[in-house]
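For reference, protein.cif (mmCIF, C-alpha atoms):
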```cif
data_target
loop_
_atom_site.label_atom_id
_atom_site.label_comp_id
_atom_site.auth_asym_id
_atom_site.auth_seq_id
_atom_site.Cartn_x
_atom_site.Cartn_y
_atom_site.Cartn_z
CA MET A 1485 -2.83 -2.90 -33.77
CA ALA A 1486 -1.74 0.72 -33.55
CA LEU A 1487 -1.07 1.29 -29.91
CA GLY A 1488 -2.78 4.63 -29.53
CA MET A 1489 -5.98 2.57 -29.43
CA ALA A 1490 -4.89 0.24 -26.61
CA THR A 1491 -6.87 0.64 -23.42
CA VAL A 1492 -5.63 0.90 -19.88
CA ALA A 1493 -8.27 -1.57 -18.74
CA TYR A 1494 -5.61 -4.15 -18.04
CA GLU A 1495 -4.70 -2.58 -14.70
CA LEU A 1496 -1.11 -2.17 -15.74
CA ARG A 1497 1.08 -0.24 -13.34
CA PHE A 1498 3.92 2.11 -14.13
CA ASP A 1499 4.78 3.46 -10.67
CA ALA A 1500 7.80 1.40 -9.64
CA GLY A 1501 10.28 4.09 -10.64
CA ARG A 1502 12.19 2.17 -13.34
CA ILE A 1503 10.97 0.39 -16.44
CA SER A 1504 12.67 -2.85 -15.38
CA LEU A 1505 10.80 -2.74 -12.05
CA ASP A 1506 7.54 -1.88 -13.84
CA LEU A 1507 8.02 -5.10 -15.82
CA LEU A 1508 8.29 -7.03 -12.54
CA ALA A 1509 4.93 -5.58 -11.46
CA THR A 1510 3.18 -7.40 -14.32
CA THR A 1511 2.99 -10.57 -12.20
CA HIS A 1512 0.80 -9.17 -9.42
CA PRO A 1513 -1.83 -10.02 -8.33
CA GLU A 1514 -1.84 -12.39 -11.30
CA GLU A 1515 -0.09 -12.72 -14.64
CA ARG A 1516 -0.79 -9.53 -16.59
CA LEU A 1517 1.15 -10.31 -19.73
CA ASP A 1518 -1.31 -12.92 -20.93
CA SER A 1519 -1.73 -11.77 -24.53
CA THR A 1520 0.20 -9.84 -27.14
CA GLU A 1521 -2.46 -7.11 -26.95
CA VAL A 1522 -1.77 -6.54 -23.25
CA LEU A 1523 1.99 -6.76 -23.84
CA CYS A 1524 1.72 -4.08 -26.54
CA ALA A 1525 -0.34 -1.90 -24.17
CA TRP A 1526 2.42 -2.34 -21.55
CA ILE A 1527 5.13 -1.46 -24.08
CA VAL A 1528 3.37 1.81 -24.93
CA GLY A 1529 2.33 2.57 -21.34
CA SER A 1530 5.86 2.08 -20.09
CA GLY A 1531 7.19 4.63 -22.54
CA LEU A 1532 9.37 2.16 -24.42
CA VAL A 1533 7.74 3.39 -27.62
CA PRO A 1534 5.74 6.54 -28.40
CA ASP A 1535 1.95 6.44 -28.65
CA GLY A 1536 0.83 5.34 -32.09
CA THR A 1537 3.85 3.10 -32.73
CA ASP A 1538 2.93 0.21 -34.99
CA LEU A 1539 3.30 -3.05 -33.10
CA THR A 1540 1.15 -5.23 -35.36
CA HIS A 1541 4.16 -7.47 -35.93
CA ALA A 1542 4.25 -8.52 -32.24
CA ASP A 1543 3.52 -12.20 -31.82
CA PRO A 1544 3.31 -14.73 -28.95
CA SER A 1545 7.09 -15.24 -29.00
CA TRP A 1546 7.37 -11.70 -27.61
CA LEU A 1547 5.47 -12.83 -24.52
CA VAL A 1548 8.04 -15.56 -23.95
CA GLY A 1549 10.93 -13.12 -24.25
CA PHE A 1550 9.40 -10.49 -21.95
CA ARG A 1551 8.41 -13.06 -19.32
CA GLU A 1552 11.86 -14.65 -19.36
CA LEU A 1553 13.62 -11.29 -18.99
CA ARG A 1554 11.17 -10.37 -16.22
CA GLY A 1555 12.02 -13.57 -14.33
CA ARG A 1556 15.76 -12.99 -14.66
CA ILE A 1557 15.51 -9.37 -13.52
CA GLY A 1558 13.41 -10.54 -10.57
CA GLN A 1559 16.14 -13.00 -9.58
CA LEU A 1560 18.75 -10.24 -9.67
CA VAL A 1561 16.69 -7.63 -7.82
CA ARG A 1562 15.35 -9.92 -5.11
CA GLY A 1563 18.12 -12.44 -4.71
CA ALA A 1564 21.61 -12.47 -3.38
CA PRO A 1565 24.38 -14.01 -5.42
CA GLY A 1566 23.95 -17.74 -5.30
CA HIS A 1567 21.86 -20.37 -7.04
CA GLY A 1568 20.82 -19.13 -10.46
CA TYR A 1569 22.07 -15.58 -9.91
CA ASP A 1570 25.01 -15.85 -12.32
CA LEU A 1571 22.79 -17.39 -15.02
CA ALA A 1572 20.26 -14.59 -14.59
CA LEU A 1573 23.05 -12.01 -14.75
CA ALA A 1574 24.46 -13.57 -17.92
CA HIS A 1575 21.00 -13.55 -19.53
CA VAL A 1576 20.33 -9.89 -18.69
CA ASN A 1577 23.80 -8.88 -19.91
CA ASP A 1578 23.28 -10.81 -23.15
CA VAL A 1579 19.87 -9.23 -23.79
CA ALA A 1580 21.28 -5.75 -23.01
CA ARG A 1581 23.62 -6.04 -26.01
CA ALA A 1582 20.79 -5.46 -28.46
CA ALA A 1583 20.56 -1.90 -29.71
CA PRO A 1584 17.45 -0.12 -28.40
CA PRO A 1585 14.89 1.23 -30.88
CA ALA A 1586 16.22 4.28 -32.74
CA PRO A 1587 14.20 7.44 -32.03
CA ARG A 1588 13.89 10.46 -34.26
CA ALA A 1589 12.24 13.86 -33.92
CA VAL A 1590 9.47 14.66 -36.41
CA ARG A 1591 6.88 17.42 -36.67
CA ASP A 1592 3.28 16.63 -35.79
CA GLU A 1593 0.23 18.29 -37.40
CA ASP A 1594 0.74 21.39 -35.26
CA GLY A 1595 4.42 21.68 -36.13
CA ALA A 1596 5.66 20.65 -32.68
CA LEU A 1597 8.51 18.16 -32.49
CA VAL A 1598 7.48 14.71 -31.27
CA ARG A 1599 9.38 11.47 -30.81
CA GLU A 1600 8.85 8.69 -33.30
CA LEU A 1601 10.76 5.49 -33.93
CA ASP A 1602 12.78 5.07 -37.10
CA GLY A 1603 10.78 1.94 -37.91
CA PRO A 1604 8.74 -0.78 -36.22
CA PRO A 1605 10.75 -1.94 -33.19
CA GLY A 1606 11.82 -5.54 -32.89
CA CYS A 1607 11.35 -7.60 -29.76
CA ALA A 1608 15.11 -7.86 -29.18
CA ALA A 1609 15.48 -4.06 -29.32
CA LEU A 1610 12.70 -3.53 -26.78
CA LEU A 1611 14.05 -6.22 -24.47
CA GLY A 1612 17.51 -4.68 -24.84
CA ALA A 1613 16.22 -1.31 -23.61
CA ILE A 1614 14.68 -2.94 -20.52
CA ALA A 1615 17.80 -5.03 -19.84
CA ARG A 1616 19.97 -1.90 -20.11
CA ASP A 1617 17.73 -0.22 -17.54
CA ALA A 1618 18.16 -3.23 -15.24
CA VAL A 1619 21.95 -3.14 -15.68
CA GLY A 1620 21.93 0.57 -14.85
CA LEU A 1621 19.78 -0.03 -11.78
CA LEU A 1622 21.85 -2.93 -10.50
CA THR A 1623 25.20 -1.19 -11.00
CA ASP A 1624 24.22 2.17 -9.51
CA PRO A 1625 24.85 1.93 -5.74
CA VAL A 1626 22.48 4.81 -4.94
CA ALA A 1627 19.63 3.40 -7.01
CA ARG A 1628 20.24 -0.15 -5.79
CA ALA A 1629 20.09 1.05 -2.17
CA ALA A 1630 16.68 2.60 -2.91
CA ILE A 1631 15.10 -0.68 -4.07
CA ARG A 1632 12.30 -1.71 -1.70
CA GLU A 1633 9.69 -4.45 -1.59
CA CYS A 1634 6.16 -3.44 -0.68
CA GLU A 1635 5.24 -4.07 2.96
CA GLY A 1636 1.63 -4.80 2.02
CA ASP A 1637 0.25 -8.24 2.81
CA ASN A 1638 1.07 -10.65 -0.01
CA CYS A 1639 2.37 -7.89 -2.26
CA PRO A 1640 5.61 -8.74 -4.06
CA ILE A 1641 5.90 -5.42 -5.93
CA VAL A 1642 9.43 -4.01 -5.95
CA TYR A 1643 9.87 -0.27 -6.41
CA LEU A 1644 12.47 2.46 -6.25
CA ASP A 1645 12.00 4.55 -3.10
CA THR A 1646 12.70 8.13 -4.11
CA SER A 1647 10.57 9.59 -1.33
CA ARG A 1648 11.90 12.24 0.98
CA GLY A 1649 13.64 10.49 3.86
CA ARG A 1650 13.41 7.14 2.05
CA ARG A 1651 10.47 6.03 4.20
CA ARG A 1652 8.04 4.79 1.54
CA ARG A 1653 6.50 1.53 2.74
CA TRP A 1654 4.07 0.52 0.02
CA CYS A 1655 4.10 0.15 -3.73
CA SER A 1656 1.01 2.35 -3.75
CA SER A 1657 -0.45 4.36 -0.92
CA GLU A 1658 -3.83 4.12 -2.63
CA VAL A 1659 -3.77 0.31 -2.87
CA CYS A 1660 -1.56 -1.41 -0.30
CA GLY A 1661 -1.33 1.60 2.01
CA ASN A 1662 -5.10 1.95 2.09
CA ARG A 1663 -5.51 -1.77 2.80
CA GLU A 1664 -3.11 -1.46 5.72
CA ARG A 1665 -4.91 1.59 7.12
CA VAL A 1666 -8.30 -0.16 6.86
CA ALA A 1667 -6.92 -3.30 8.54
CA ARG A 1668 -5.40 -1.20 11.33
CA HIS A 1669 -8.73 0.60 11.85
CA ARG A 1670 -10.59 -2.71 12.01
CA ARG A 1671 -8.12 -4.10 14.55
CA ARG A 1672 -8.53 -1.01 16.76
CA ALA A 1673 -12.32 -1.17 16.43
CA ALA A 1674 -12.33 -4.86 17.36
CA LEU A 1675 -10.12 -4.19 20.40
CA SER A 1676 -12.35 -1.35 21.60
CA ARG A 1677 -15.40 -3.62 21.46
CA THR A 1678 -13.84 -6.24 23.73
#
```

Just give me the structure as structure tokens.
Amino acid sequence: MALGMATVAYELRFDAGRISLDLLATTHPEERLDSTEVLCAWIVGSGLVPDGTDLTHADPSWLVGFRELRGRIGQLVRGAPGHGYDLALAHVNDVARAAPPAPRAVRDEDGALVRELDGPPGCAALLGAIARDAVGLLTDPVARAAIRECEGDNCPIVYLDTSRGRRRRWCSSEVCGNRERVARHRRRAALSRT
């Protein structure tokens, strides 16, 4: 499948602030990476590869690799050093060794320069790019201090708070923030009726 044709109907989110955190968001409210088609849509939507990149060689083993890396990054972002942390760290460091896909600049039909990959990217190269992002996030004290978990009910989304004053409370004001505002309104309305 050429990815320019992939739809956004999978409700994939790319608003966590880092590609490694966007990968974590693929578990909520249910498993999103449930087929190679959806995984390929996520790969393009996340910006790992340019639109139109050929990913027809992706197979179900890619799902296993992306889910495993996602779980390990989740352990590192959410957990404190302890049980399983060192194993997760070793896995992310090992995956980060793979060279990311090689980009090149080419002219499109209009003569403008656009990004294209040197060839079809391999799974290890794509995972390596995500793992390198996670390593950068985890080793940057400023970025690490800006990691937040959504305050919405039952929302495990982790995001990078780059808001002014660092007061962002929800992964999405339109989703979790709106739910909170509606719940608050209902509570006030119920209290006023009693």

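Between Asp1543 (chain A) and the candidates A:Leu1517, A:Cys1607, A:Ala1589, A:Val1598, the tightest atom-to-atom separation, counting all atoms listed in the file, involves A:Cys1607.
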
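Picked by the PyMOL selection byres ((chain A and resi 1572) around 8) from the coordinates shown: A:Arg1556, A:Ile1557, A:Gln1559, A:Leu1560, A:Gly1568, A:Tyr1569, A:Asp1570, A:Leu1571, A:Leu1573, A:Ala1574, A:His1575, A:Val1576.
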
At a cut-off of 9 Å, using only C-alpha atoms, what residues contact Asp1506 (chain A)? Leave out same-chain residues fewer than 6 positions from it and give the result as a JSON list (two decimals) with C-alpha atoms, in the coordinates of the input.
```json
[["chain", "number", "residue", "atom", "x", "y", "z"],
["A", 1496, "LEU", "CA", -1.11, -2.17, -15.74],
["A", 1497, "ARG", "CA", 1.08, -0.24, -13.34],
["A", 1498, "PHE", "CA", 3.92, 2.11, -14.13],
["A", 1499, "ASP", "CA", 4.78, 3.46, -10.67],
["A", 1500, "ALA", "CA", 7.80, 1.40, -9.64],
["A", 1530, "SER", "CA", 5.86, 2.08, -20.09],
["A", 1641, "ILE", "CA", 5.90, -5.42, -5.93],
["A", 1642, "VAL", "CA", 9.43, -4.01, -5.95],
["A", 1643, "TYR", "CA", 9.87, -0.27, -6.41]]
```

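Excluding Arg1554 (chain A) itself and same-chain residues fewer than 2 positions from it, the residues having an atom within 8 Å of it are Ser1504, Leu1507, Leu1508, Phe1550, Arg1551, Glu1552, Arg1556, Ile1557 and Gly1558 of chain A, counting only C-alpha atoms.
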
Go through the shown structure with the PyMOL selection byres ((chain A and resi 1608-1612) around 10) and write out the matching residues as a CSV table (one decimal) with C-alpha atoms, in the frame of the given file.
```
chain,number,residue,atom,x,y,z
A,1504,SER,CA,12.7,-2.8,-15.4
A,1527,ILE,CA,5.1,-1.5,-24.1
A,1532,LEU,CA,9.4,2.2,-24.4
A,1533,VAL,CA,7.7,3.4,-27.6
A,1546,TRP,CA,7.4,-11.7,-27.6
A,1549,GLY,CA,10.9,-13.1,-24.2
A,1550,PHE,CA,9.4,-10.5,-22.0
A,1553,LEU,CA,13.6,-11.3,-19.0
A,1554,ARG,CA,11.2,-10.4,-16.2
A,1576,VAL,CA,20.3,-9.9,-18.7
A,1577,ASN,CA,23.8,-8.9,-19.9
A,1578,ASP,CA,23.3,-10.8,-23.2
A,1579,VAL,CA,19.9,-9.2,-23.8
A,1580,ALA,CA,21.3,-5.8,-23.0
A,1581,ARG,CA,23.6,-6.0,-26.0
A,1582,ALA,CA,20.8,-5.5,-28.5
A,1583,ALA,CA,20.6,-1.9,-29.7
A,1584,PRO,CA,17.4,-0.1,-28.4
A,1585,PRO,CA,14.9,1.2,-30.9
A,1586,ALA,CA,16.2,4.3,-32.7
A,1605,PRO,CA,10.8,-1.9,-33.2
A,1606,GLY,CA,11.8,-5.5,-32.9
A,1607,CYS,CA,11.4,-7.6,-29.8
A,1613,ALA,CA,16.2,-1.3,-23.6
A,1614,ILE,CA,14.7,-2.9,-20.5
A,1615,ALA,CA,17.8,-5.0,-19.8
A,1616,ARG,CA,20.0,-1.9,-20.1
A,1617,ASP,CA,17.7,-0.2,-17.5
A,1618,ALA,CA,18.2,-3.2,-15.2
```

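The space separating CA of Ala1674 (chain A) from CA of Ser1656 (chain A) comes to 26.0 Å.
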
| task | Can you pull out every residue within 10 Å of Arg1663 (chain A), counting all atoms listed in the file, but drop anything in the same chain fewer than 6 positions away, and send it as an MDAnalysis selection string? | result | chainID A and resid 1636:1637 1657 1669

| request: Counting all atoms listed in the file, figure out which residue out of A:Arg1599, A:Arg1628, A:Arg1591, A:His1512 gets nearest to Val1561 (chain A). | output: A:Arg1628

| request: Evaluate the PyMOL selection byres ((chain A and resi 1523) around 10) and record the selected residues as a list of chain:residue names, following the chain and residue labels used in the document. | output: A:Tyr1494, A:Leu1496, A:Thr1510, A:Arg1516, A:Leu1517, A:Asp1518, A:Ser1519, A:Thr1520, A:Glu1521, A:Val1522, A:Cys1524, A:Ala1525, A:Trp1526, A:Ile1527, A:Val1528, A:Gly1529, A:Ala1542, A:Asp1543, A:Pro1544, A:Trp1546, A:Leu1547, A:Phe1550

Padded axis-aligned box of region 1598-1616 of chain A (8 Å per side), centre and edge lengths, Å, one decimal, as AutoDock Vina command-line options:
```
--center_x 13.7 --center_y 3.4 --center_z -28.9 --size_x 28.5 --size_y 38.6 --size_z 34.1
```

| Which one is closest to Val1659 (chain A): A:Val1548, A:Cys1634, A:Ala1629, A:Pro1604? Count all atoms listed in the file. | A:Cys1634

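Picture a line from CA of Arg1653 (chain A) to CA of Arg1668 (chain A); it runs 14.9 Å.
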
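Using only C-alpha atoms, the smallest distance between any of A:Glu1495, A:Asp1645, A:Arg1670, A:Gly1595 and Glu1515 (chain A) comes from A:Glu1495.
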
| task | Give as a PyMOL selection string the set of residues within 6 Å of the point (10.8, 9.4, -38.3), where distances use the file's coordinates and all atoms listed in the file. | result | chain A and resi 1588+1590+1600-1602

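Atom pair CA of Arg1562 (chain A) / CA of Arg1632 (chain A): separated by 9.4 Å.
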
| task | Go through A:Cys1655, A:Ile1503, A:Arg1650, A:Gly1603 one by one, measure the shortest atom-to-atom distance of each to Asn1638 (chain A) using all atoms listed in the file, and give the residue with the smallest value. | result | A:Cys1655

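Ranking A:Asp1535, A:Asp1594, A:Glu1635, A:Asp1624 by their shortest atom-to-atom distance to Trp1654 (chain A), with all atoms listed in the file included, puts A:Glu1635 first.
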
Can you rebuild region 1621-1632 of chain A with all heavy atoms and give it as a tab-separated table (two decimals), in the frame of the given file?
```tsv
chain	number	residue	atom	x	y	z
A	1621	LEU	N	20.32	0.02	-13.14
A	1621	LEU	CA	19.78	-0.03	-11.78
A	1621	LEU	C	20.67	-0.85	-10.86
A	1621	LEU	O	21.00	-0.43	-9.75
A	1621	LEU	CB	18.37	-0.62	-11.81
A	1621	LEU	CG	17.70	-0.90	-10.47
A	1621	LEU	CD1	17.44	0.39	-9.71
A	1621	LEU	CD2	16.39	-1.65	-10.69
A	1622	LEU	N	21.08	-2.02	-11.33
A	1622	LEU	CA	21.85	-2.93	-10.50
A	1622	LEU	C	23.29	-2.47	-10.26
A	1622	LEU	O	23.91	-2.87	-9.28
A	1622	LEU	CB	21.85	-4.33	-11.13
A	1622	LEU	CG	20.47	-4.99	-11.19
A	1622	LEU	CD1	20.52	-6.21	-12.09
A	1622	LEU	CD2	19.97	-5.35	-9.80
A	1623	THR	N	23.80	-1.63	-11.14
A	1623	THR	CA	25.20	-1.19	-11.00
A	1623	THR	C	25.32	0.21	-10.40
A	1623	THR	O	26.44	0.67	-10.17
A	1623	THR	CB	25.92	-1.22	-12.36
A	1623	THR	OG1	25.22	-0.38	-13.28
A	1623	THR	CG2	25.99	-2.64	-12.90
A	1624	ASP	N	24.21	0.85	-10.13
A	1624	ASP	CA	24.22	2.17	-9.51
A	1624	ASP	C	23.98	1.98	-8.01
A	1624	ASP	O	22.89	1.63	-7.59
A	1624	ASP	CB	23.11	3.03	-10.11
A	1624	ASP	CG	23.02	4.42	-9.50
A	1624	ASP	OD1	23.60	4.65	-8.42
A	1624	ASP	OD2	22.33	5.26	-10.09
A	1625	PRO	N	25.01	2.19	-7.18
A	1625	PRO	CA	24.85	1.93	-5.74
A	1625	PRO	C	23.74	2.75	-5.08
A	1625	PRO	O	23.06	2.24	-4.20
A	1625	PRO	CB	26.21	2.29	-5.14
A	1625	PRO	CG	27.13	2.54	-6.26
A	1625	PRO	CD	26.34	2.66	-7.51
A	1626	VAL	N	23.53	3.97	-5.53
A	1626	VAL	CA	22.48	4.81	-4.94
A	1626	VAL	C	21.11	4.26	-5.31
A	1626	VAL	O	20.24	4.11	-4.45
A	1626	VAL	CB	22.64	6.29	-5.39
A	1626	VAL	CG1	21.48	7.13	-4.90
A	1626	VAL	CG2	23.96	6.85	-4.89
A	1627	ALA	N	20.92	3.95	-6.58
A	1627	ALA	CA	19.63	3.40	-7.01
A	1627	ALA	C	19.39	2.03	-6.37
A	1627	ALA	O	18.29	1.74	-5.90
A	1627	ALA	CB	19.58	3.29	-8.54
A	1628	ARG	N	20.40	1.20	-6.37
A	1628	ARG	CA	20.24	-0.15	-5.79
A	1628	ARG	C	19.85	-0.07	-4.31
A	1628	ARG	O	19.04	-0.84	-3.82
A	1628	ARG	CB	21.52	-0.95	-5.96
A	1628	ARG	CG	21.39	-2.34	-5.42
A	1628	ARG	CD	22.02	-3.35	-6.31
A	1628	ARG	NE	21.94	-4.67	-5.69
A	1628	ARG	CZ	21.25	-5.66	-6.21
A	1628	ARG	NH1	20.63	-5.52	-7.33
A	1628	ARG	NH2	21.22	-6.81	-5.60
A	1629	ALA	N	20.42	0.88	-3.60
A	1629	ALA	CA	20.09	1.05	-2.17
A	1629	ALA	C	18.65	1.53	-1.98
A	1629	ALA	O	18.09	1.38	-0.89
A	1629	ALA	CB	21.06	2.02	-1.52
A	1630	ALA	N	18.04	2.09	-3.02
A	1630	ALA	CA	16.68	2.60	-2.91
A	1630	ALA	C	15.63	1.57	-3.33
A	1630	ALA	O	14.44	1.86	-3.31
A	1630	ALA	CB	16.53	3.86	-3.76
A	1631	ILE	N	16.05	0.36	-3.69
A	1631	ILE	CA	15.10	-0.68	-4.07
A	1631	ILE	C	14.41	-1.19	-2.81
A	1631	ILE	O	15.06	-1.53	-1.82
A	1631	ILE	CB	15.80	-1.85	-4.79
A	1631	ILE	CG1	16.38	-1.37	-6.13
A	1631	ILE	CG2	14.83	-3.00	-5.03
A	1631	ILE	CD1	17.24	-2.41	-6.84
A	1632	ARG	N	13.10	-1.23	-2.84
A	1632	ARG	CA	12.30	-1.71	-1.70
A	1632	ARG	C	11.25	-2.69	-2.20
A	1632	ARG	O	10.79	-2.60	-3.33
A	1632	ARG	CB	11.55	-0.56	-1.03
A	1632	ARG	CG	12.40	0.58	-0.57
A	1632	ARG	CD	13.06	0.29	0.77
A	1632	ARG	NE	13.76	1.47	1.25
A	1632	ARG	CZ	14.99	1.80	0.93
A	1632	ARG	NH1	15.68	1.05	0.11
A	1632	ARG	NH2	15.56	2.87	1.42
```
